[in-house]
Amino acid sequence: MRPSDIGNPDYFHKVVDCQWACPAHTNVPEYIRLIAQGRYTDAYMLNRESNVFPAVLGRTCDRPCEPACRRTRVDEKPVAICRLKRVASDLKDDVTALLPRAPAQKNGKRIACVGAGPASLAVANDLMPLGYEVTIFEKSPIPGGLMRTNIPAFRLPAAVLDEEIDMILGMGVDVRYGAPVTSMKALLAEGYDAVFVGSGAPRGKELDIPGRRDSDRIHIGIDWLESVAFGHTDRIGERVLIIGVGNTAMDCCRTSRRLGGKDIKVMARKPRAYFKASPWELEDAEEEHIEIVINHEPIRFVIENGKLTGMEFQRFESKEEGGKLVQTKLDKVFLPADDVILAIGQEAAFPWIERDLGIDFDKWEMPVVDKVTFQYSRPGVFSGGDAAWGPQNIIWAVAHAHQAALSIHAYCQGTSLTERPPQGMTLSSAKMGLHEWSYKNDYNSIGRQKMKHVDLVERFKKMNVEVELGFSAEQTAREVERCLNCDLQTVFTDSLCIECDACVDVCPVLCLTIAPDGEEADVRKRLSAPATNPKQDLFASGPLPQTSRIMLKDEDLCVHCGLCAERCPTAAWDMQKFNLLLPYAGKPCKTR
Amino acid sequence: MSYIKKPVARHPSLKPNTLGLTLRDYEGAMSTLCAGCGHDSITAAIVRALYELDTPPHMLAKLSGIGCSSKTPTYFVSGSHGFNSAHGRMPAIATGASAANRELTYIGVSGDGDSLSIGLGQMVHAIRRNVKMLYVIENNGVYGLTKGQFSASADVGSKSKKGEANTQAPLDPVMLALDIGATFVARSFSGDKAQLVPILKAGLRHDGFALVDVISPCVTFNDHEGSTKSYKHTRKHQLPILEADFVPFAAEITADYPEGAAHSVKMHDGSMVRFRKVAADYDPTDRANVASYLREHQRAGEVPTGLLYLDESSEDMHRAAKTVKTPLTRLTHEELCPGNAALRKLQEAFR
């Protein structure tokens with residue numbers, strides 16, 4: 001086998017599963033250690049560097065990091081990464097002095113951003129400190145985009161959102177409220193050096209079945225949530241049907257519960273395994289006595305005397321055959337309803353971009369965005385967030401924004417957009433003494449801490465009672481211990497190894513093997529325990545001095561306890577802290 | 001020594017044995033030996049052998065004397081019986097324990113100091129009595145606990161850490177055991193588990209005293225240039241003269257075992273030892289042949305390893321003494337001590 005290239009930042013980055021899975025590559029283990037040390041402000045600022053909205057994301061993130069968490073391979077549940085992020089933001093001190101500042105002397109470049117959602121705000125966050133003058137055009141009277149309009153206040157209090165938006169706008173961003181961009185041509189004519197389209201995916205998908213246009217009690221989910229957010233809607237009928245079972249549906253049903261809904265059903269066409277909603281959002285909805293009905297497909301709205309009385313559904317029986325869902329029709333049923341909310345998806349829409357501006361559109365009428373540069377086919381126009389490739393979530397918008405800001409900076413400085421600045425890394429030994437490390441390597445088998453919620457009666461009194469109470473100090477202290485410190489890497493120096501087997505013998509998860517070299521497929525057969533996860537690397541060393549065999553490590557299950565390094569008599573194994581360096585606009589990272 | 005406990009996290013694909021126990025259920029406390037000690041590897045091999053033989057932990061007794069080696073029973077099978085005896089006296093304790101309860105599996109772990117110096121007289125009598133036990137000598141050629149003086153197994157010319165050469169002739173436990181009639185004699189290397197684990201399994205099933213001398217480098221005091229018991233020297237000079245496969249009684253004997261098996265020896269419980277890759281002039285069941293073969297190769301500086309000699313026809317201590325089948329521990333007081341009348345009758349028989 002070819003020895004693993006641990007000089008490539010990707011190698012160790014992949015071992016830090018949470019950071020690798022995070023679109024913004026937040027340094028999760030490091031901020032969890034900072035929280036463990038009570039350094040909440042430092043933890044917050046480390047988060048902010050990569051994800052810009054730690055307090056918002058600590059409540060609302062879709063958490064791609066958690067399913068990836070290494071802990072799930074040896075324990076039932078992942079580390080509560082997202083909620084620990086919230087702990088850092090809840091307990092931080094005043095961070096004003098630590099925030100990036102815009103220089104008094106501007107660099108003379110003007111950037112226009114469309115929409116004041118997370119993507120545009122994050123672009124402004126990266127560009128303002130470099131001296132750019134950023135102008136954001138927003139149709140609403142307040143900033144935030146879907147963070148404001150689609151995430152209900154009981155999940156994300158307005159004050160939390162305001163604080164993090166103000167950190168960016170406080171640098172002197174020029175926001176034009178109530179100013180929807182209706183013509184790209186006109187915007188381009190204003191002579192901005194670059195334009196960023198961060199207008200999101202604000203159009204809810206329609207359900208064109210009989211009766212759709214015959215009642216005003218049929219609502220589009222995201223529009224309805226927005227009208228609730230702005231106080232235009234403050235009540236709903238007692239019987240509510242939500243069509244669709246994504247995260248927006250969860251927000252709709254829980255909001256309905258607070259506005260007078262008593263009998264609320266979320267209607268799903270498929271069984272639970274096929275739901276789009278995150279499992280924790282489903283749990284939170286069910287805790288509020290929302291009924292989730294599976295195998296029902298809407299056929300028509302039932303209108304009697306001009307009044308919506310309910311909906312008719314086709315019932316199905318679902319079976320899985322050969323990994324595929326097979327649904328057979330059963331009978332039709334009528335379910336009564338006073339209101340129906342459609343939450344079956346959303347999309348971006350660009351009626352305001354003229355088609356003769358040199359901006360290419362694809363067959364779905366979406367502007368073509370370059371996956372690397374985030375630029376439209378017309379130079380100088382960039383995009384990110386939901387506006388670029390359809391609905392994702394906040395953390396993706398932030399990740400896009402960092403890349404778009406890099407491109408905008410390169411574009412304005414006249415450098416290459418396609419040559420992306422490389423990532424870097426540092427590795428430093430964690431050895432502090434004989435079997436003492438700069439991290440806590442003792443495995444704690446405690447289970448995931450359960451988030452406490454406001455009791456049901458109390459939370460329904462007002463729309464903006466935040467349901468999650470955050471972790472207590474005790475819960476935080478326990479949860480941080482669950483992190484396996486995956487960034488503390490096992491680094492092997494083959495020339496030092498005497499093949500005493502001590503590391504192989506002590507490894508609790510049998511991830512080490514010393515075996516004769518050969519083709520990878522053969523070598524894999526010689527492992528101490530099967531390496532069953534093909535997505536994880538198999539580390540291979542160079543030939544060992546005494547027998548020319550090689551050291552192998554299945555990265556999949558390592559719990560980073562450091563016992564291989566502790567039991568190594570020659571320090572051939574060392575625990576070293578890996579720090580991924582990410583380039584941001586105007587801030588390339590040092591590479592080795 | 002490590003300050004933390006070995007994480008309880010385990011590989012999800014660890015298979016339980018027929019008792020429902022996984023490999024990790026046969027572990028003991030964290031080792032306090034030097035990092036890289038050969039003894040820890042032998043411990044790992046014992047753990048694997050016991051797991052693979054489906055040994056119930058409560059039916060296992062582990063015994064040891066004094067020395068680095070004698071600390072190791074702490075590091076395997078926490079749920080078993082254990083006895084840490086005075087220096088060199090483990091064979092006597094094991095003999096007594098075996099006499100009282102013949103149902104347990106006995107593992108004695110000793111070192112070259114414990115067995116070849118202070119306990120030499122003890123060990124040879126356990127061999128003579130053919131006590132049914134696995135007797136492992138973790139042989140590193142030095143007194144590690146007292147900072148590296150030569151032990152009785154140090155080879156002539158082998159250098160100490162400070163550079164002095166040993167001048168006194170070594171005691172070789174393998175040759176000694178062969179000479180005094182041991183029925184199971186093996187030598188292996190802590191760095192060669194593929195060889196060691198089947199030997200340990202066969203030794204655990206042997207109906208008598210199973211001596212396994214394991215070269216186990218002392219990483220702190222005897223792993224330097226000039227040492228004849230270092231990792232490097234042993235790797236260079238190890239001569240695996242035959243391979244032994246242990247085939248448990250219940251296992252199906254299939255084509256996994258290629259032809260060319262020179263010898264198969266049926267163990268007392270029905271399991272088999274199959275010898276493979278045996279040199280043409282070597283017969284592991286002929287004591288005189290084995291002794292001369294080993295003497296010749298050791299003289300050439302080689303370290304012959306493998307299950308060197310096996311005689312499954314001999315009788316262990318209980319059979320030789322015609323003791324009752326029931327362990328003494330399970331007999332009633334009346335059975336063990338039949339009273340004055342019975343004693344008189346016995347004494348009459350001697351008049």
# chains A, B, ... in the order shown; residues from 1 in each chain; ligands from 1

$ residues_around --residues "Ala126 in chain B" --least-positions-apart "4" --cutoff "9 Å" --atoms "only C-alpha atoms" --output "PyMOL selection string"
chain B and resi 91-92+94-95+121-122+130-131+209

$ interface_residues --of "chain B" --to "chain A" --cutoff "8 Å" --atoms "only C-alpha atoms" --output "compact mmCIF listing (two decimals) with C-alpha atoms, in the first residue's frame"
# COMPACT_ATOMS: atom_id res chain seq x y z
CA MET B 1 1.83 3.43 33.47
CA SER B 2 -1.30 5.02 32.11
CA TYR B 3 -3.47 6.99 34.47
CA ILE B 4 -6.69 6.38 32.59
CA LYS B 5 -8.72 3.22 32.33
CA LYS B 6 -9.02 1.59 28.96
CA PRO B 7 -12.14 3.10 27.38
CA VAL B 8 -15.20 0.85 27.58
CA ALA B 9 -15.95 1.77 23.97
CA ARG B 10 -15.55 -1.30 21.83
CA HIS B 11 -15.54 -2.33 18.21
CA PRO B 12 -19.18 -2.94 17.25
CA SER B 13 -18.34 -6.05 15.27
CA LEU B 14 -16.70 -7.87 18.20
CA CYS B 34 6.75 -0.33 31.18
CA ALA B 35 5.32 0.74 27.84
CA GLY B 36 6.42 -1.76 25.22
CA CYS B 37 7.01 -4.64 27.65
CA GLY B 38 6.78 -8.03 25.96
CA ASP B 40 1.80 -7.11 27.83
CA SER B 41 1.77 -8.84 24.47
CA ALA B 44 -3.01 -10.06 25.09
CA GLY B 191 6.13 -10.50 19.19
CA VAL B 219 12.10 -2.87 26.75
CA TYR B 231 13.11 -7.56 19.93
CA LYS B 232 15.65 -7.13 17.16
CA ARG B 235 13.37 -11.42 15.27

$ residues_around --residues "Asn139 in chain B" --least-positions-apart "6" --cutoff "8 Å" --atoms "only C-alpha atoms" --output "NGL selection string"
:B and (111-112 or 153 or 213-217)

$ residues_around --residues "Glu281 in chain A" --least-positions-apart "2" --cutoff "10 Å" --atoms "only C-alpha atoms" --output "compact mmCIF listing (two decimals) with C-alpha atoms, in the first residue's frame"
# COMPACT_ATOMS: atom_id res chain seq x y z
CA THR A 60 -31.60 26.32 14.48
CA ASP A 62 -29.62 21.48 10.67
CA GLY A 246 -40.27 18.87 6.16
CA ASN A 247 -38.86 21.26 8.73
CA THR A 248 -41.10 24.08 7.50
CA ALA A 249 -44.10 21.84 8.20
CA MET A 250 -42.81 21.40 11.76
CA ASP A 251 -42.59 25.17 12.20
CA ALA A 277 -37.83 16.82 8.66
CA SER A 278 -34.94 16.40 11.09
CA PRO A 279 -35.74 13.76 13.72
CA GLU A 283 -39.85 14.94 18.28
CA ASP A 284 -40.39 18.54 19.32
CA ALA A 285 -43.63 18.69 17.32
CA GLU A 286 -44.93 15.44 18.75
CA GLU A 287 -44.12 16.66 22.24

$ residues_around --residues "range 88-94 of chain A" --least-positions-apart "5" --cutoff "7 Å" --atoms "only C-alpha atoms" --output "number ranges by chain"
A: 35, 40-41, 43-44, 54-55

$ closest_residue --among "A:Glu297, A:Asp356, A:Glu519, A:Asp494" --to "Ser377 in chain A" --atoms "only C-alpha atoms"
A:Asp356

$ residues_around --residues "Gly148 in chain B" --least-positions-apart "3" --cutoff "10 Å" --atoms "only C-alpha atoms" --output "PyMOL selection string"
chain B and resi 140-145+151+160-162+218+220-222

$ closest_residue --among "A:Phe382, A:Tyr439, A:Phe460, A:Phe334" --to "Cys113 in chain A" --atoms "only C-alpha atoms"
A:Phe382

$ closest_residue --among "A:Ile136, A:Ala36, A:Ala122, A:Val114" --to "Thr476 in chain A" --atoms "only C-alpha atoms"
A:Ala36

$ residues_around --residues "Leu53 in chain B" --least-positions-apart "2" --cutoff "10 Å" --atoms "only C-alpha atoms" --output "ChimeraX atom specification"
/B:17-18,48-51,55-56,201-202,204-205,248

$ select_by_dssp --residues "range 126-346 of chain A" --states "strand (DSSP E or B)" --output "PyMOL selection string"
chain A and resi 133-137+174-176+194-197+203-204+218-220+239-243+263-267+291-293+296-304+307-321+324-336+339-342+346

$ select_by_dssp --residues "range 4-168 of chain A" --states "helix (DSSP H, G or I)" --output "PyMOL selection string"
chain A and resi 9-15+17-21+28-36+40-51+54-60+65-68+70-73+81-91+96-98+118-130+146-149+158-168

$ write_last_selection --atoms "C-alpha atoms" --output "PDB file, in the first residue's frame"
ATOM      1  CA  PRO A   9      -4.723  18.830   5.367  1.00  0.00           C
ATOM      2  CA  ASP A  10      -7.607  16.712   4.063  1.00  0.00           C
ATOM      3  CA  TYR A  11      -6.230  13.556   5.679  1.00  0.00           C
ATOM      4  CA  PHE A  12      -6.589  14.640   9.294  1.00  0.00           C
ATOM      5  CA  HIS A  13      -9.537  16.922   8.488  1.00  0.00           C
ATOM      6  CA  LYS A  14     -11.513  13.841   7.465  1.00  0.00           C
ATOM      7  CA  VAL A  15     -10.772  12.264  10.832  1.00  0.00           C
ATOM      8  CA  ASP A  17     -15.845  14.013  11.235  1.00  0.00           C
ATOM      9  CA  CYS A  18     -17.917  16.894  12.580  1.00  0.00           C
ATOM     10  CA  GLN A  19     -15.646  19.539  11.086  1.00  0.00           C
ATOM     11  CA  TRP A  20     -15.485  17.687   7.773  1.00  0.00           C
ATOM     12  CA  ALA A  21     -19.287  17.395   7.649  1.00  0.00           C
ATOM     13  CA  VAL A  28     -15.982  21.774  16.785  1.00  0.00           C
ATOM     14  CA  PRO A  29     -13.630  19.848  19.132  1.00  0.00           C
ATOM     15  CA  GLU A  30     -11.635  22.984  19.892  1.00  0.00           C
ATOM     16  CA  TYR A  31     -14.684  25.025  20.830  1.00  0.00           C
ATOM     17  CA  ILE A  32     -16.047  22.198  22.940  1.00  0.00           C
ATOM     18  CA  ARG A  33     -12.754  22.121  24.861  1.00  0.00           C
ATOM     19  CA  LEU A  34     -12.967  25.897  25.300  1.00  0.00           C
ATOM     20  CA  ILE A  35     -16.475  25.489  26.728  1.00  0.00           C
ATOM     21  CA  ALA A  36     -15.165  22.751  29.038  1.00  0.00           C
ATOM     22  CA  TYR A  40     -17.238  30.805  26.524  1.00  0.00           C
ATOM     23  CA  THR A  41     -16.176  34.027  24.814  1.00  0.00           C
ATOM     24  CA  ASP A  42     -13.259  32.310  23.104  1.00  0.00           C
ATOM     25  CA  ALA A  43     -15.536  29.440  22.100  1.00  0.00           C
ATOM     26  CA  TYR A  44     -18.019  31.925  20.666  1.00  0.00           C
ATOM     27  CA  MET A  45     -15.395  33.826  18.703  1.00  0.00           C
ATOM     28  CA  LEU A  46     -13.899  30.608  17.307  1.00  0.00           C
ATOM     29  CA  ASN A  47     -17.364  29.662  16.113  1.00  0.00           C
ATOM     30  CA  ARG A  48     -18.039  33.061  14.688  1.00  0.00           C
ATOM     31  CA  GLU A  49     -14.902  32.901  12.549  1.00  0.00           C
ATOM     32  CA  SER A  50     -16.335  30.071  10.468  1.00  0.00           C
ATOM     33  CA  ASN A  51     -20.100  30.155  10.936  1.00  0.00           C
ATOM     34  CA  PRO A  54     -23.222  30.949  16.483  1.00  0.00           C
ATOM     35  CA  ALA A  55     -26.209  31.971  18.609  1.00  0.00           C
ATOM     36  CA  VAL A  56     -28.645  31.541  15.726  1.00  0.00           C
ATOM     37  CA  LEU A  57     -27.115  28.268  14.584  1.00  0.00           C
ATOM     38  CA  GLY A  58     -26.866  27.015  18.171  1.00  0.00           C
ATOM     39  CA  ARG A  59     -30.665  26.975  18.088  1.00  0.00           C
ATOM     40  CA  THR A  60     -31.595  26.322  14.484  1.00  0.00           C
ATOM     41  CA  CYS A  65     -22.077  17.527  12.172  1.00  0.00           C
ATOM     42  CA  GLU A  66     -24.148  15.417  14.540  1.00  0.00           C
ATOM     43  CA  PRO A  67     -25.001  12.446  12.315  1.00  0.00           C
ATOM     44  CA  ALA A  68     -21.304  12.448  11.364  1.00  0.00           C
ATOM     45  CA  ARG A  70     -17.640   9.707  15.777  1.00  0.00           C
ATOM     46  CA  ARG A  71     -19.362   9.146  19.107  1.00  0.00           C
ATOM     47  CA  THR A  72     -22.263   7.431  17.312  1.00  0.00           C
ATOM     48  CA  ARG A  73     -19.928   4.607  16.296  1.00  0.00           C
ATOM     49  CA  ILE A  81     -22.657  19.819  19.271  1.00  0.00           C
ATOM     50  CA  CYS A  82     -25.357  22.268  18.264  1.00  0.00           C
ATOM     51  CA  ARG A  83     -26.635  22.887  21.764  1.00  0.00           C
ATOM     52  CA  LEU A  84     -23.106  23.315  23.107  1.00  0.00           C
ATOM     53  CA  LYS A  85     -22.673  26.069  20.541  1.00  0.00           C
ATOM     54  CA  ARG A  86     -25.666  27.760  22.111  1.00  0.00           C
ATOM     55  CA  VAL A  87     -24.055  27.434  25.551  1.00  0.00           C
ATOM     56  CA  ALA A  88     -21.065  29.422  24.282  1.00  0.00           C
ATOM     57  CA  SER A  89     -23.307  32.166  22.927  1.00  0.00           C
ATOM     58  CA  ASP A  90     -25.538  32.263  26.014  1.00  0.00           C
ATOM     59  CA  LEU A  91     -22.634  32.568  28.448  1.00  0.00           C
ATOM     60  CA  THR A  96     -17.680  44.017  21.086  1.00  0.00           C
ATOM     61  CA  ALA A  97     -13.941  44.594  21.359  1.00  0.00           C
ATOM     62  CA  LEU A  98     -13.198  41.279  19.648  1.00  0.00           C
ATOM     63  CA  PRO A 118     -27.661  34.953   6.122  1.00  0.00           C
ATOM     64  CA  ALA A 119     -25.787  34.749   2.791  1.00  0.00           C
ATOM     65  CA  SER A 120     -25.616  38.491   2.151  1.00  0.00           C
ATOM     66  CA  LEU A 121     -24.921  39.260   5.803  1.00  0.00           C
ATOM     67  CA  ALA A 122     -22.025  36.802   5.846  1.00  0.00           C
ATOM     68  CA  VAL A 123     -20.624  38.302   2.643  1.00  0.00           C
ATOM     69  CA  ALA A 124     -20.763  41.716   4.303  1.00  0.00           C
ATOM     70  CA  ASN A 125     -19.104  40.241   7.393  1.00  0.00           C
ATOM     71  CA  ASP A 126     -16.122  39.098   5.324  1.00  0.00           C
ATOM     72  CA  LEU A 127     -15.820  42.148   3.071  1.00  0.00           C
ATOM     73  CA  MET A 128     -16.434  45.089   5.408  1.00  0.00           C
ATOM     74  CA  PRO A 129     -13.166  44.621   7.378  1.00  0.00           C
ATOM     75  CA  LEU A 130     -11.274  44.798   4.076  1.00  0.00           C
ATOM     76  CA  LEU A 146     -35.699  33.511   6.478  1.00  0.00           C
ATOM     77  CA  MET A 147     -33.995  33.514   9.875  1.00  0.00           C
ATOM     78  CA  ARG A 148     -36.515  36.195  10.751  1.00  0.00           C
ATOM     79  CA  THR A 149     -39.551  35.201   8.745  1.00  0.00           C
ATOM     80  CA  ALA A 158     -35.688  38.082  17.938  1.00  0.00           C
ATOM     81  CA  ALA A 159     -33.175  39.512  20.410  1.00  0.00           C
ATOM     82  CA  VAL A 160     -30.712  36.702  19.662  1.00  0.00           C
ATOM     83  CA  LEU A 161     -31.034  37.271  15.946  1.00  0.00           C
ATOM     84  CA  ASP A 162     -30.757  41.053  16.285  1.00  0.00           C
ATOM     85  CA  GLU A 163     -27.550  40.812  18.297  1.00  0.00           C
ATOM     86  CA  GLU A 164     -25.708  38.777  15.697  1.00  0.00           C
ATOM     87  CA  ILE A 165     -27.005  40.771  12.748  1.00  0.00           C
ATOM     88  CA  ASP A 166     -25.982  44.004  14.492  1.00  0.00           C
ATOM     89  CA  MET A 167     -22.425  42.683  14.855  1.00  0.00           C
ATOM     90  CA  ILE A 168     -22.233  42.795  11.053  1.00  0.00           C
TER      91      ILE A 168
END

$ closest_residue --among "A:Gln327, A:Gln576, A:Ser318, A:Gln392" --to "Glu347 in chain A" --atoms "only C-alpha atoms"
A:Gln392
